[in-house]
Amino acid sequence: MAKITEVKLTPSKELANVIGSEKVTRPEAVKKLWDYIKKEDLQDSKNRRQINADSKLLPLFGKDSITMFEVGKIIAANLK
């Protein structure tokens, strides 16, 4: 089976504020976002599936918190 080459995409301004402005594949963007969330300890302490927005994530999320299941949708909407 042939390996599918991931296309490098440009992050939106809001996403670039969190992961940087260089072109990335979707998996790289997800990993960088999770690295930021973990580094800043933004997972809710009681419900680890909940991610609390800080000042960088609020413009990206558009609300105070999201569930981990919304991460893919947010990444897809912020890569072109």
# chains A, B, ... in the order shown; residues from 1 in each chain; ligands from 1
>>> residues_around(residues="Glu40 (chain A)", least_positions_apart="5", cutoff="10 Å", atoms="only C-alpha atoms", output="PyMOL selection string")
chain A and resi 34-35+54
>>> residues_around(residues="Lys73 (chain A)", least_positions_apart="5", cutoff="12 Å", atoms="only C-alpha atoms", output="PDB file with C-alpha atoms, in the first residue's frame")
ATOM      1  CA  ARG A  26      -2.990  18.135  10.245  1.00  0.00           C
ATOM      2  CA  ALA A  29      -0.995  20.739  14.108  1.00  0.00           C
ATOM      3  CA  VAL A  30      -2.931  18.454  16.475  1.00  0.00           C
ATOM      4  CA  LEU A  60      -9.248  29.890  18.581  1.00  0.00           C
ATOM      5  CA  PHE A  61     -11.994  28.105  20.553  1.00  0.00           C
ATOM      6  CA  ILE A  66     -14.075  22.680  24.672  1.00  0.00           C
ATOM      7  CA  THR A  67     -14.024  18.910  24.915  1.00  0.00           C
ATOM      8  CA  MET A  68     -11.071  16.984  23.543  1.00  0.00           C
ATOM      9  CA  ASN A  78      -8.069  26.753  11.081  1.00  0.00           C
ATOM     10  CA  LEU A  79      -5.805  25.184   8.430  1.00  0.00           C
TER      11      LEU A  79
END
>>> closest_residue(among="A:Val7, A:Ile37, A:Leu42, A:Ala76", to="Thr25 (chain A)", atoms="only C-alpha atoms")
A:Val7
>>> atom_distance(atom1="CA of Ala53 (chain A)", atom2="CA of Asn17 (chain A)")
13.3 Å
>>> closest_residue(among="A:Lys31, A:Val18, A:Lys63, A:Glu70", to="Arg49 (chain A)", atoms="only C-alpha atoms")
A:Glu70
>>> select_by_dssp(residues="region 1-61 of chain A", states="alpha helix (DSSP H)", output="list in words")
Lys13, Glu14, Leu15, Ala16, Asn17, Val18, Ile19, Arg26, Pro27, Glu28, Ala29, Val30, Lys31, Lys32, Leu33, Trp34, Asp35, Tyr36, Ile37, Lys38, Lys39, Leu58, Pro59, Leu60 and Phe61 of chain A
>>> write_last_selection(atoms="C-alpha atoms", output="mmCIF file, in the first residue's frame")
data_model
loop_
_atom_site.group_PDB
_atom_site.id
_atom_site.type_symbol
_atom_site.label_atom_id
_atom_site.label_comp_id
_atom_site.auth_asym_id
_atom_site.auth_seq_id
_atom_site.Cartn_x
_atom_site.Cartn_y
_atom_site.Cartn_z
ATOM 1 C CA LYS A 13 -3.758 33.714 12.587
ATOM 2 C CA GLU A 14 -5.493 32.348 15.714
ATOM 3 C CA LEU A 15 -3.916 28.902 15.384
ATOM 4 C CA ALA A 16 -0.513 30.395 14.492
ATOM 5 C CA ASN A 17 -0.546 32.290 17.812
ATOM 6 C CA VAL A 18 -0.501 28.894 19.547
ATOM 7 C CA ILE A 19 1.524 26.555 17.288
ATOM 8 C CA ARG A 26 -2.990 18.135 10.245
ATOM 9 C CA PRO A 27 -1.357 15.551 12.561
ATOM 10 C CA GLU A 28 1.510 17.965 13.295
ATOM 11 C CA ALA A 29 -0.995 20.739 14.108
ATOM 12 C CA VAL A 30 -2.931 18.454 16.475
ATOM 13 C CA LYS A 31 0.294 17.379 18.210
ATOM 14 C CA LYS A 32 1.528 20.964 18.604
ATOM 15 C CA LEU A 33 -1.836 22.069 19.995
ATOM 16 C CA TRP A 34 -1.856 19.179 22.509
ATOM 17 C CA ASP A 35 1.761 19.947 23.451
ATOM 18 C CA TYR A 36 0.702 23.526 24.242
ATOM 19 C CA ILE A 37 -2.370 22.370 26.212
ATOM 20 C CA LYS A 38 -0.240 19.998 28.298
ATOM 21 C CA LYS A 39 2.604 22.486 28.798
ATOM 22 C CA LEU A 58 -9.924 31.781 23.586
ATOM 23 C CA PRO A 59 -9.860 33.354 20.067
ATOM 24 C CA LEU A 60 -9.248 29.890 18.581
ATOM 25 C CA PHE A 61 -11.994 28.105 20.553
#
>>> decode(residues="chain A", atoms="C-alpha atoms", output="PDB file, in the first residue's frame")
ATOM      1  CA  MET A   1       0.000   0.000   0.000  1.00  0.00           C
ATOM      2  CA  ALA A   2       1.380   3.401  -0.985  1.00  0.00           C
ATOM      3  CA  LYS A   3       2.111   5.879   1.760  1.00  0.00           C
ATOM      4  CA  ILE A   4      -0.097   8.952   1.542  1.00  0.00           C
ATOM      5  CA  THR A   5       1.912  12.145   1.751  1.00  0.00           C
ATOM      6  CA  GLU A   6       0.321  14.666   4.074  1.00  0.00           C
ATOM      7  CA  VAL A   7      -0.124  18.125   2.607  1.00  0.00           C
ATOM      8  CA  LYS A   8       1.403  20.982   4.573  1.00  0.00           C
ATOM      9  CA  LEU A   9      -1.206  23.645   5.321  1.00  0.00           C
ATOM     10  CA  THR A  10      -1.024  27.218   6.601  1.00  0.00           C
ATOM     11  CA  PRO A  11      -2.460  27.845  10.084  1.00  0.00           C
ATOM     12  CA  SER A  12      -4.932  30.697  10.599  1.00  0.00           C
ATOM     13  CA  LYS A  13      -3.758  33.714  12.587  1.00  0.00           C
ATOM     14  CA  GLU A  14      -5.493  32.348  15.714  1.00  0.00           C
ATOM     15  CA  LEU A  15      -3.916  28.902  15.384  1.00  0.00           C
ATOM     16  CA  ALA A  16      -0.513  30.395  14.492  1.00  0.00           C
ATOM     17  CA  ASN A  17      -0.546  32.290  17.812  1.00  0.00           C
ATOM     18  CA  VAL A  18      -0.501  28.894  19.547  1.00  0.00           C
ATOM     19  CA  ILE A  19       1.524  26.555  17.288  1.00  0.00           C
ATOM     20  CA  GLY A  20       3.573  28.948  15.146  1.00  0.00           C
ATOM     21  CA  SER A  21       3.077  30.185  11.593  1.00  0.00           C
ATOM     22  CA  GLU A  22       5.059  27.592   9.613  1.00  0.00           C
ATOM     23  CA  LYS A  23       3.121  25.211   7.357  1.00  0.00           C
ATOM     24  CA  VAL A  24       2.152  21.943   9.055  1.00  0.00           C
ATOM     25  CA  THR A  25       0.247  18.756   8.331  1.00  0.00           C
ATOM     26  CA  ARG A  26      -2.990  18.135  10.245  1.00  0.00           C
ATOM     27  CA  PRO A  27      -1.357  15.551  12.561  1.00  0.00           C
ATOM     28  CA  GLU A  28       1.510  17.965  13.295  1.00  0.00           C
ATOM     29  CA  ALA A  29      -0.995  20.739  14.108  1.00  0.00           C
ATOM     30  CA  VAL A  30      -2.931  18.454  16.475  1.00  0.00           C
ATOM     31  CA  LYS A  31       0.294  17.379  18.210  1.00  0.00           C
ATOM     32  CA  LYS A  32       1.528  20.964  18.604  1.00  0.00           C
ATOM     33  CA  LEU A  33      -1.836  22.069  19.995  1.00  0.00           C
ATOM     34  CA  TRP A  34      -1.856  19.179  22.509  1.00  0.00           C
ATOM     35  CA  ASP A  35       1.761  19.947  23.451  1.00  0.00           C
ATOM     36  CA  TYR A  36       0.702  23.526  24.242  1.00  0.00           C
ATOM     37  CA  ILE A  37      -2.370  22.370  26.212  1.00  0.00           C
ATOM     38  CA  LYS A  38      -0.240  19.998  28.298  1.00  0.00           C
ATOM     39  CA  LYS A  39       2.604  22.486  28.798  1.00  0.00           C
ATOM     40  CA  GLU A  40       0.166  25.132  30.068  1.00  0.00           C
ATOM     41  CA  ASP A  41      -1.821  22.561  32.112  1.00  0.00           C
ATOM     42  CA  LEU A  42      -5.129  23.520  30.485  1.00  0.00           C
ATOM     43  CA  GLN A  43      -6.942  20.192  30.879  1.00  0.00           C
ATOM     44  CA  ASP A  44      -9.633  20.505  33.534  1.00  0.00           C
ATOM     45  CA  SER A  45      -8.437  18.910  36.781  1.00  0.00           C
ATOM     46  CA  LYS A  46     -11.763  17.138  37.437  1.00  0.00           C
ATOM     47  CA  ASN A  47     -12.768  16.277  33.856  1.00  0.00           C
ATOM     48  CA  ARG A  48      -9.612  15.572  31.816  1.00  0.00           C
ATOM     49  CA  ARG A  49     -11.666  15.532  28.596  1.00  0.00           C
ATOM     50  CA  GLN A  50     -12.368  19.236  29.041  1.00  0.00           C
ATOM     51  CA  ILE A  51      -9.827  21.817  27.821  1.00  0.00           C
ATOM     52  CA  ASN A  52      -9.957  25.272  29.405  1.00  0.00           C
ATOM     53  CA  ALA A  53      -9.043  28.210  27.173  1.00  0.00           C
ATOM     54  CA  ASP A  54      -6.337  30.663  28.157  1.00  0.00           C
ATOM     55  CA  SER A  55      -5.812  34.040  26.452  1.00  0.00           C
ATOM     56  CA  LYS A  56      -4.178  32.361  23.402  1.00  0.00           C
ATOM     57  CA  LEU A  57      -6.817  29.640  23.008  1.00  0.00           C
ATOM     58  CA  LEU A  58      -9.924  31.781  23.586  1.00  0.00           C
ATOM     59  CA  PRO A  59      -9.860  33.354  20.067  1.00  0.00           C
ATOM     60  CA  LEU A  60      -9.248  29.890  18.581  1.00  0.00           C
ATOM     61  CA  PHE A  61     -11.994  28.105  20.553  1.00  0.00           C
ATOM     62  CA  GLY A  62     -14.487  30.984  20.577  1.00  0.00           C
ATOM     63  CA  LYS A  63     -15.586  29.920  24.084  1.00  0.00           C
ATOM     64  CA  ASP A  64     -14.157  29.312  27.561  1.00  0.00           C
ATOM     65  CA  SER A  65     -13.696  25.551  27.127  1.00  0.00           C
ATOM     66  CA  ILE A  66     -14.075  22.680  24.672  1.00  0.00           C
ATOM     67  CA  THR A  67     -14.024  18.910  24.915  1.00  0.00           C
ATOM     68  CA  MET A  68     -11.071  16.984  23.543  1.00  0.00           C
ATOM     69  CA  PHE A  69     -13.398  15.662  20.829  1.00  0.00           C
ATOM     70  CA  GLU A  70     -13.721  19.176  19.351  1.00  0.00           C
ATOM     71  CA  VAL A  71      -9.963  19.561  18.743  1.00  0.00           C
ATOM     72  CA  GLY A  72     -10.069  17.953  15.277  1.00  0.00           C
ATOM     73  CA  LYS A  73     -12.905  20.208  14.132  1.00  0.00           C
ATOM     74  CA  ILE A  74     -11.070  23.320  15.347  1.00  0.00           C
ATOM     75  CA  ILE A  75      -7.830  22.252  13.632  1.00  0.00           C
ATOM     76  CA  ALA A  76      -9.688  21.549  10.360  1.00  0.00           C
ATOM     77  CA  ALA A  77     -11.377  24.960  10.471  1.00  0.00           C
ATOM     78  CA  ASN A  78      -8.069  26.753  11.081  1.00  0.00           C
ATOM     79  CA  LEU A  79      -5.805  25.184   8.430  1.00  0.00           C
ATOM     80  CA  LYS A  80      -5.862  26.293   4.782  1.00  0.00           C
TER      81      LYS A  80
END
